[in-house]
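Q: Below are the structure tokens for one structure; questions will follow.
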Amino acid sequence: MILVLFNGVSDLSKLVENGYSIPRNVQYFDPFVGARWCWPDAYDNSLEHLALRLTNVGQWRPYGKLSAEDFDTISDDDLSKRCGGDADAALRLYPIIKDEIKTLKLEKIFSLAMDVLPILSEMGGRGMAVDSDELSKRAFGDGNEEGLETKLKKEKKDLEAILEIENLASRAQLASSLFERHKATPLRATATGGYSTDRVSLLWALHNSKDTQLSKLLQRLLEYSTESKLYSTYYLPWSRVGRNARVRSNYNLGTTGTGRLASSHLNLQNVPSIVRELIRPSDGYDYLVQLDGKQIEWRMAAFLSNDKAMLESIKPGRDPHSMTAATALGMDIPKTGQQIKDFKVQYKPERDIGKMTNFASIFGVSDESLSWQTFEQSEGKIWLGKAKAKVYLDAFGRTFPGWTSYLGYLQDEINRGNWIVSPTGRRWIFEKNPSGLRKASNYPVQSLSSDIILLILRAIAKKISWWKTRVIGEVHDSILFETTKHELQPLCNVIKDLFCNPDTSEFGFHLTVPLEVDIQVGDRWGNMEEMV
């Protein structure tokens with residue numbers, strides 16, 4: 001039996017959240033995922049848009065987009081027509097998108113996605129357990145200590161007094177005070193003619209400040225911004241989740257053109273370490289276990305380009321980031337374990353830049369973009385400038401010339417109007433301009449990395465399907481589990497075996513680069529130690 005569901009992860013996750021089991025003896029077909037991969041350039045893959053564009057169905061949604069509250073105001077007859085129309089539209093799309101998948105030879109990768117769909121739905125629907133007492137204490141305080149909510153209110157009032165403005169949330173008022181009254185160095189203008197006060201702009205002003213008092217003010221504004229985001233993005237929404245204090249997310253297969261999973265509803269893929277400390281094992285479980293794929297995108301780049309230096313860099317004891325940094329500094333590349341260790345200590349900032357350069361290069365980032373990425377990721381501590389960023393990018397090209405040759409191959413394919421095809425069969429035609437090449441350099445690496453993780457997730461989930469251990473989260477190259485004392489070591493053994501030996505035979509290729517995995521264990525997601 002085939003079950004057709006449009007954006008099925010969302011619906012199935014809701015079933016799991018409400019205590020229902022997902023059918024396992026069926027084949028799933030999600031037109032949303034299929035359409036996203038068949039037409040990666042399409043600006044709209046919503047059910048309504050796809051159905052009106054690809055089928056002869058008439059408009060069945062007279063009310064447009066509805067919120068949860070809107071459904072209560074619609075008559076039963078109109079609601080029935082709308083829901084029935086949604087189901088009819090999905091069924092009409094099924095044969096059309098199925099044929100397109102076959103035409104584009106996407107059957108194998110789409111089949112993998114549909115195998116993983118129920119795993120992701122269960123993962124998102126069951127969610128992660130939250131330490132609600134600690135969450136409440138952090139957000140709202142207790143009898144002995146004030147919470148972040150009160151602290152932010154006090155700090156807001158204090159900052160408004162120092163800045164002599166009425167409302168700290170007003171970008172215009174803040175910009176006027178900082179850049180006119182306090183003479184901070186602006187970074188860029190806004191569309192309305194003022195100056196930007198986003199995080200990078202504040203870091204830039206701090207970087208250029210020679211005034212001690214202004215520097216302290218800017219530092220306070222940055223800390224206030226960070227803590228405000230913690231409160232508004234995590235602490236407050238998480239305090240409202242209810243249902244036994246669990247946070248849940250939809251892990252979407254069809255949101256990105258590369259196939260990389262995206263997390264929506266509550267985004268659990270970008271959770272800061274301090275917030276991860278609130279995630280605990282569910283009742284009846286003892287540990288959280290996280291697998292982290294080591295440099296998986298770098299390894300896929302080495303596999304795709306077959307660059308000798310890249311392949312050498314992923315051998316045990318090697319360090320590709322020190323290689324790029326040493327080349328940029330005009331030094332001999334450290335090769336022995338002791339040389340690499342010494343280099344990391346003596347040239348830590350340069351090695352950090354080398355790391356950012358390596359990933360910027362395989363994703364087609366320009367020298368100007370690398371300069372700003374480095375500045376932001378170092379919290380304003382490192383400013384390269386465009387010229388020095390180019391030195392590092394050129395050093396990458398000299399260190400790993402095979403990647404440059406691979407980019408030449410991609411450019412030739414783009415110029416011919418050919419598909420850029422990944423080893424798992426994903427394909428995309430990119431525009432014949434620099435932007436197209438940047439996208440093309442990113443696409444095979446990120447899509448192959450994502451697909452390898454999906455393969456590993458499917459294999460592990462199948463292996464532990466009868467265990468108490470279960471998957472509760474995914475963060476790009478990482479998978480999070482909760483397990484028991486009894487199953488901890490067997491789980492680690494399964495992870496090492498299946499991660500380091502992924503079976504890609506269904507796609508007709510063998511992964512010739514070794515994969516490595518770090519396994520961390522703890523009683524909180526933000527407080528884990530490496531498993532030996």
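Naming works like this for the structure tokens: A, B, ... for the chains as they're shown, residue 1 at the start of each chain, ligands 1 onward in shown order.
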Select from stretch 149-390 of chain A everything DSSP, run on the backbone, classes as strand (DSSP E or B), then give the selection as a PyMOL selection string.

A: chain A and resi 189+195+246-247+250-252+262-264+279-280+287-293

Q: Enumerate, as a PyMOL selection string, the complete set of residues in stretch 424-466 of chain A that a backbone-based DSSP assignment places in helix (DSSP H, G or I).

A: chain A and resi 434-463

Q: Please provide the set of residues having any atom within 7 Å of stretch 430-447 of chain A, restricted to only C-alpha atoms, with same-chain residues fewer than 6 positions apart removed, written as a list in words.

A: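 So, after excluding close chain neighbours, the residues are Thr258, Gly259, Arg260, Glu297, Met300, Ala301, Ile362, Phe363, Gly364, Leu407, Leu410, Gln411, Ile414, Asn415 and Ser422 of chain A.
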
Q: Taking all heavy atoms for each residue, export the selection above as an mmCIF file, in the first residue's frame.

A:
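Contents of selection-v1.cif, as written:
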data_model
loop_
_atom_site.group_PDB
_atom_site.id
_atom_site.type_symbol
_atom_site.label_atom_id
_atom_site.label_comp_id
_atom_site.auth_asym_id
_atom_site.auth_seq_id
_atom_site.Cartn_x
_atom_site.Cartn_y
_atom_site.Cartn_z
ATOM 1 N N THR A 258 19.468 20.968 -1.522
ATOM 2 C CA THR A 258 20.551 19.989 -1.392
ATOM 3 C C THR A 258 20.099 18.719 -0.678
ATOM 4 O O THR A 258 20.813 17.722 -0.678
ATOM 5 C CB THR A 258 21.733 20.575 -0.600
ATOM 6 O OG1 THR A 258 21.287 20.896 0.727
ATOM 7 C CG2 THR A 258 22.273 21.821 -1.274
ATOM 8 N N GLY A 259 18.934 18.755 -0.036
ATOM 9 C CA GLY A 259 18.473 17.611 0.739
ATOM 10 C C GLY A 259 18.880 17.660 2.189
ATOM 11 O O GLY A 259 18.540 16.768 2.965
ATOM 12 N N ARG A 260 19.605 18.703 2.580
ATOM 13 C CA ARG A 260 19.997 18.838 3.980
ATOM 14 C C ARG A 260 18.749 19.047 4.824
ATOM 15 O O ARG A 260 17.863 19.832 4.481
ATOM 16 C CB ARG A 260 20.936 20.033 4.146
ATOM 17 C CG ARG A 260 21.669 20.053 5.478
ATOM 18 C CD ARG A 260 22.621 21.239 5.553
ATOM 19 N NE ARG A 260 23.624 21.025 6.593
ATOM 20 C CZ ARG A 260 24.506 21.938 6.950
ATOM 21 N NH1 ARG A 260 24.510 23.120 6.366
ATOM 22 N NH2 ARG A 260 25.390 21.669 7.891
ATOM 23 N N GLU A 297 31.923 16.840 5.547
ATOM 24 C CA GLU A 297 31.862 17.600 4.304
ATOM 25 C C GLU A 297 33.247 17.718 3.667
ATOM 26 O O GLU A 297 33.387 17.663 2.438
ATOM 27 C CB GLU A 297 31.251 18.978 4.559
ATOM 28 C CG GLU A 297 29.759 18.890 4.874
ATOM 29 C CD GLU A 297 29.133 20.232 5.144
ATOM 30 O OE1 GLU A 297 29.866 21.164 5.564
ATOM 31 O OE2 GLU A 297 27.910 20.375 4.955
ATOM 32 N N MET A 300 33.872 14.447 1.984
ATOM 33 C CA MET A 300 33.135 14.314 0.730
ATOM 34 C C MET A 300 33.790 15.162 -0.358
ATOM 35 O O MET A 300 33.813 14.768 -1.536
ATOM 36 C CB MET A 300 31.682 14.743 0.927
ATOM 37 C CG MET A 300 30.876 13.838 1.864
ATOM 38 S SD MET A 300 30.933 12.070 1.460
ATOM 39 C CE MET A 300 32.093 11.475 2.702
ATOM 40 N N ALA A 301 34.334 16.322 0.013
ATOM 41 C CA ALA A 301 35.050 17.147 -0.962
ATOM 42 C C ALA A 301 36.286 16.396 -1.481
ATOM 43 O O ALA A 301 36.608 16.449 -2.680
ATOM 44 C CB ALA A 301 35.452 18.482 -0.336
ATOM 45 N N ILE A 362 35.398 25.339 -0.287
ATOM 46 C CA ILE A 362 34.601 24.277 -0.916
ATOM 47 C C ILE A 362 33.149 24.694 -1.109
ATOM 48 O O ILE A 362 32.418 24.069 -1.876
ATOM 49 C CB ILE A 362 34.683 22.943 -0.134
ATOM 50 C CG1 ILE A 362 34.066 23.067 1.266
ATOM 51 C CG2 ILE A 362 36.108 22.438 -0.065
ATOM 52 C CD1 ILE A 362 34.030 21.748 2.021
ATOM 53 N N PHE A 363 32.746 25.797 -0.448
ATOM 54 C CA PHE A 363 31.393 26.298 -0.644
ATOM 55 C C PHE A 363 31.362 27.582 -1.464
ATOM 56 O O PHE A 363 30.354 28.288 -1.508
ATOM 57 C CB PHE A 363 30.692 26.494 0.695
ATOM 58 C CG PHE A 363 30.405 25.201 1.403
ATOM 59 C CD1 PHE A 363 30.653 25.054 2.757
ATOM 60 C CD2 PHE A 363 29.907 24.105 0.709
ATOM 61 C CE1 PHE A 363 30.396 23.850 3.401
ATOM 62 C CE2 PHE A 363 29.659 22.906 1.341
ATOM 63 C CZ PHE A 363 29.895 22.765 2.692
ATOM 64 N N GLY A 364 32.487 27.903 -2.109
ATOM 65 C CA GLY A 364 32.501 28.985 -3.080
ATOM 66 C C GLY A 364 32.406 30.378 -2.509
ATOM 67 O O GLY A 364 31.923 31.293 -3.181
ATOM 68 N N LEU A 407 36.609 22.316 -9.676
ATOM 69 C CA LEU A 407 35.778 23.482 -9.981
ATOM 70 C C LEU A 407 35.766 23.761 -11.482
ATOM 71 O O LEU A 407 34.745 24.175 -12.038
ATOM 72 C CB LEU A 407 36.279 24.710 -9.228
ATOM 73 C CG LEU A 407 36.052 24.761 -7.721
ATOM 74 C CD1 LEU A 407 36.530 26.102 -7.167
ATOM 75 C CD2 LEU A 407 34.579 24.547 -7.374
ATOM 76 N N LEU A 410 33.259 21.474 -12.975
ATOM 77 C CA LEU A 410 31.896 21.964 -12.723
ATOM 78 C C LEU A 410 31.564 23.136 -13.636
ATOM 79 O O LEU A 410 30.451 23.217 -14.177
ATOM 80 C CB LEU A 410 31.754 22.390 -11.257
ATOM 81 C CG LEU A 410 31.832 21.287 -10.199
ATOM 82 C CD1 LEU A 410 31.766 21.898 -8.801
ATOM 83 C CD2 LEU A 410 30.736 20.254 -10.374
ATOM 84 N N GLN A 411 32.529 24.056 -13.824
ATOM 85 C CA GLN A 411 32.294 25.209 -14.696
ATOM 86 C C GLN A 411 32.023 24.766 -16.127
ATOM 87 O O GLN A 411 31.135 25.313 -16.802
ATOM 88 C CB GLN A 411 33.494 26.144 -14.650
ATOM 89 C CG GLN A 411 33.291 27.440 -15.447
ATOM 90 C CD GLN A 411 32.238 28.324 -14.841
ATOM 91 O OE1 GLN A 411 32.450 28.962 -13.818
ATOM 92 N NE2 GLN A 411 31.065 28.387 -15.487
ATOM 93 N N ILE A 414 28.510 23.474 -16.336
ATOM 94 C CA ILE A 414 27.560 24.588 -16.299
ATOM 95 C C ILE A 414 27.505 25.280 -17.664
ATOM 96 O O ILE A 414 26.431 25.588 -18.189
ATOM 97 C CB ILE A 414 27.964 25.594 -15.201
ATOM 98 C CG1 ILE A 414 27.748 24.976 -13.821
ATOM 99 C CG2 ILE A 414 27.160 26.883 -15.326
ATOM 100 C CD1 ILE A 414 28.304 25.817 -12.685
ATOM 101 N N ASN A 415 28.675 25.528 -18.254
ATOM 102 C CA ASN A 415 28.727 26.217 -19.549
ATOM 103 C C ASN A 415 28.029 25.413 -20.644
ATOM 104 O O ASN A 415 27.487 25.997 -21.597
ATOM 105 C CB ASN A 415 30.186 26.478 -19.946
ATOM 106 C CG ASN A 415 30.851 27.511 -19.045
ATOM 107 O OD1 ASN A 415 30.171 28.292 -18.383
ATOM 108 N ND2 ASN A 415 32.175 27.507 -19.015
ATOM 109 N N SER A 422 25.022 14.528 -8.331
ATOM 110 C CA SER A 422 25.751 13.984 -7.185
ATOM 111 C C SER A 422 25.839 12.466 -7.300
ATOM 112 O O SER A 422 25.074 11.855 -8.060
ATOM 113 C CB SER A 422 25.034 14.358 -5.882
ATOM 114 O OG SER A 422 23.929 13.503 -5.658
#

Q: Within 9 Å of A:Asp352, counting only C-alpha atoms, which residues show up once you throw out same-chain ones fewer than 4 positions away? Write them as a list of chain:residue names, please.

A: A:His321, A:Ser322, A:Ala325, A:Lys344, A:Tyr347, A:Lys348, A:Met356, A:Thr357, A:Thr374, A:Ser378

Q: Please list as a PyMOL selection string every residue within 7 Å of A:Ser273, counting only C-alpha atoms and excluding residues in the same chain fewer than 3 positions away.

A: chain A and resi 276-277+526

Q: I need the residues from that last selection saved to file as a short mmCIF file (atom, residue, chain, number, x, y, z; two decimals), in the first residue's frame (with N, CA, C and O atoms), if you can.

A:
data_model
loop_
_atom_site.label_atom_id
_atom_site.label_comp_id
_atom_site.auth_asym_id
_atom_site.auth_seq_id
_atom_site.Cartn_x
_atom_site.Cartn_y
_atom_site.Cartn_z
N ARG A 276 21.34 23.76 25.50
CA ARG A 276 21.35 22.29 25.43
C ARG A 276 21.47 21.66 26.82
O ARG A 276 21.10 20.51 27.00
N GLU A 277 21.99 22.43 27.77
CA GLU A 277 22.10 21.90 29.13
C GLU A 277 20.74 21.59 29.73
O GLU A 277 20.65 20.86 30.73
N GLY A 526 23.99 19.43 26.73
CA GLY A 526 25.05 20.42 26.73
C GLY A 526 26.19 20.09 27.66
O GLY A 526 27.08 20.90 27.88
#

Q: Pick out the closest residue to A:Tyr43 from this set: A:Gly19, A:Gly127, A:Pro490, A:Gly257. Count only C-alpha atoms.

A: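 Among A:Gly19, A:Gly127, A:Pro490, A:Gly257, it is A:Gly257 that comes nearest to A:Tyr43.
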
Q: Report the distance between atom CA of A:Arg171 and atom CA of A:Pro237 in Å, rounded to one decimal place.

A: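 Taking atom CA of A:Arg171 and atom CA of A:Pro237, their separation equals 24.1 Å.
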
Q: Near A:Gly124, counting only C-alpha atoms, which residues have an atom at most 9 Å away, once you skip same-chain residues fewer than 5 positions from it, shown as a short mmCIF file (atom, residue, chain, number, x, y, z; two decimals) with all heavy atoms, in the first residue's frame?

A:
data_model
loop_
_atom_site.label_atom_id
_atom_site.label_comp_id
_atom_site.auth_asym_id
_atom_site.auth_seq_id
_atom_site.Cartn_x
_atom_site.Cartn_y
_atom_site.Cartn_z
N VAL A 9 6.03 14.67 7.04
CA VAL A 9 6.70 14.70 8.34
C VAL A 9 5.88 15.50 9.34
O VAL A 9 5.75 15.12 10.51
CB VAL A 9 8.13 15.28 8.21
CG1 VAL A 9 8.69 15.64 9.57
CG2 VAL A 9 9.04 14.28 7.52
N SER A 10 5.33 16.61 8.89
CA SER A 10 4.54 17.46 9.78
C SER A 10 3.32 16.73 10.33
O SER A 10 3.05 16.74 11.53
CB SER A 10 4.12 18.73 9.04
OG SER A 10 3.31 19.54 9.86
N SER A 13 4.33 13.61 12.51
CA SER A 13 4.87 14.03 13.80
C SER A 13 3.75 14.37 14.78
O SER A 13 3.85 14.07 15.98
CB SER A 13 5.80 15.24 13.63
OG SER A 13 6.95 14.90 12.90
N LYS A 14 2.70 14.99 14.26
CA LYS A 14 1.55 15.32 15.11
C LYS A 14 0.88 14.06 15.65
O LYS A 14 0.42 14.02 16.79
CB LYS A 14 0.54 16.17 14.33
CG LYS A 14 0.88 17.65 14.29
CD LYS A 14 0.80 18.25 15.67
CE LYS A 14 1.15 19.73 15.67
NZ LYS A 14 1.19 20.29 17.04
N VAL A 16 2.37 11.19 16.28
CA VAL A 16 3.24 10.66 17.33
C VAL A 16 3.12 11.51 18.59
O VAL A 16 3.04 10.98 19.71
CB VAL A 16 4.70 10.63 16.84
CG1 VAL A 16 5.65 10.21 17.97
CG2 VAL A 16 4.84 9.67 15.66
N GLU A 17 3.09 12.82 18.43
CA GLU A 17 2.98 13.72 19.57
C GLU A 17 1.72 13.43 20.38
O GLU A 17 1.71 13.56 21.62
CB GLU A 17 2.96 15.17 19.09
CG GLU A 17 2.86 16.19 20.21
CD GLU A 17 2.83 17.62 19.70
OE1 GLU A 17 3.17 17.84 18.51
OE2 GLU A 17 2.46 18.52 20.48
N ILE A 119 11.03 7.73 10.30
CA ILE A 119 12.02 7.87 11.39
C ILE A 119 12.07 9.31 11.86
O ILE A 119 12.05 9.60 13.06
CB ILE A 119 13.41 7.41 10.90
CG1 ILE A 119 13.38 5.95 10.45
CG2 ILE A 119 14.46 7.61 12.00
CD1 ILE A 119 14.64 5.50 9.73
N VAL A 247 10.25 19.45 24.07
CA VAL A 247 10.33 20.32 22.91
C VAL A 247 10.38 19.45 21.66
O VAL A 247 11.05 18.42 21.62
CB VAL A 247 11.56 21.25 22.97
CG1 VAL A 247 11.37 22.31 24.04
CG2 VAL A 247 12.86 20.49 23.22
N ARG A 248 9.63 19.90 20.65
CA ARG A 248 9.49 19.11 19.43
C ARG A 248 9.77 19.96 18.22
O ARG A 248 9.58 21.17 18.23
CB ARG A 248 8.08 18.52 19.35
CG ARG A 248 7.75 17.55 20.47
CD ARG A 248 6.30 17.10 20.38
NE ARG A 248 6.02 16.03 21.33
CZ ARG A 248 5.69 16.23 22.59
NH1 ARG A 248 5.58 17.47 23.07
NH2 ARG A 248 5.44 15.21 23.39
N SER A 249 10.19 19.30 17.15
CA SER A 249 10.50 20.00 15.91
C SER A 249 10.03 19.15 14.73
O SER A 249 9.86 17.94 14.85
CB SER A 249 12.01 20.24 15.81
OG SER A 249 12.34 20.91 14.61
N ASN A 250 9.81 19.82 13.59
CA ASN A 250 9.58 19.11 12.34
C ASN A 250 10.90 19.05 11.58
O ASN A 250 11.46 20.10 11.24
CB ASN A 250 8.53 19.82 11.48
CG ASN A 250 7.14 19.69 12.05
OD1 ASN A 250 6.83 18.74 12.75
ND2 ASN A 250 6.29 20.65 11.75
N TYR A 251 11.41 17.86 11.32
CA TYR A 251 12.65 17.68 10.58
C TYR A 251 12.29 17.47 9.11
O TYR A 251 11.90 16.39 8.70
CB TYR A 251 13.44 16.51 11.14
CG TYR A 251 13.93 16.76 12.55
CD1 TYR A 251 13.18 16.39 13.66
CD2 TYR A 251 15.14 17.43 12.77
CE1 TYR A 251 13.61 16.65 14.94
CE2 TYR A 251 15.58 17.68 14.06
CZ TYR A 251 14.81 17.29 15.14
OH TYR A 251 15.25 17.56 16.43
N ILE A 472 16.33 10.93 18.97
CA ILE A 472 15.52 12.08 19.38
C ILE A 472 15.94 13.39 18.72
O ILE A 472 15.28 14.41 18.93
CB ILE A 472 15.54 12.27 20.92
CG1 ILE A 472 16.96 12.52 21.43
CG2 ILE A 472 14.91 11.06 21.61
CD1 ILE A 472 17.00 12.95 22.89
N GLY A 473 16.99 13.39 17.90
CA GLY A 473 17.38 14.64 17.27
C GLY A 473 18.44 14.45 16.20
O GLY A 473 19.15 13.44 16.17
#

Q: Just want the 8 Å neighbourhood of A:Arg188, counted on only C-alpha atoms, with same-chain residues fewer than 6 positions away dropped. Output as a compact mmCIF listing (two decimals) with N, CA and C atoms, in the first residue's frame.

A:
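Done, and the output landed in part.txt:
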# COMPACT_ATOMS: atom_id res chain seq x y z
N TYR A 195 21.84 54.00 10.24
CA TYR A 195 22.91 53.02 10.30
C TYR A 195 22.42 51.74 10.96
N SER A 196 22.95 50.62 10.49
CA SER A 196 22.56 49.32 11.03
C SER A 196 23.07 49.15 12.46
N SER A 201 27.34 44.86 13.16
CA SER A 201 27.60 46.30 13.23
C SER A 201 28.09 46.69 14.62

Q: Using atom CA of A:Gly522 and atom CA of A:Asp131 as the two end points, give the distance in Å to one decimal.

A: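 Taking atom CA of A:Gly522 as the start and atom CA of A:Asp131 as the end point, the length is 14.2 Å.
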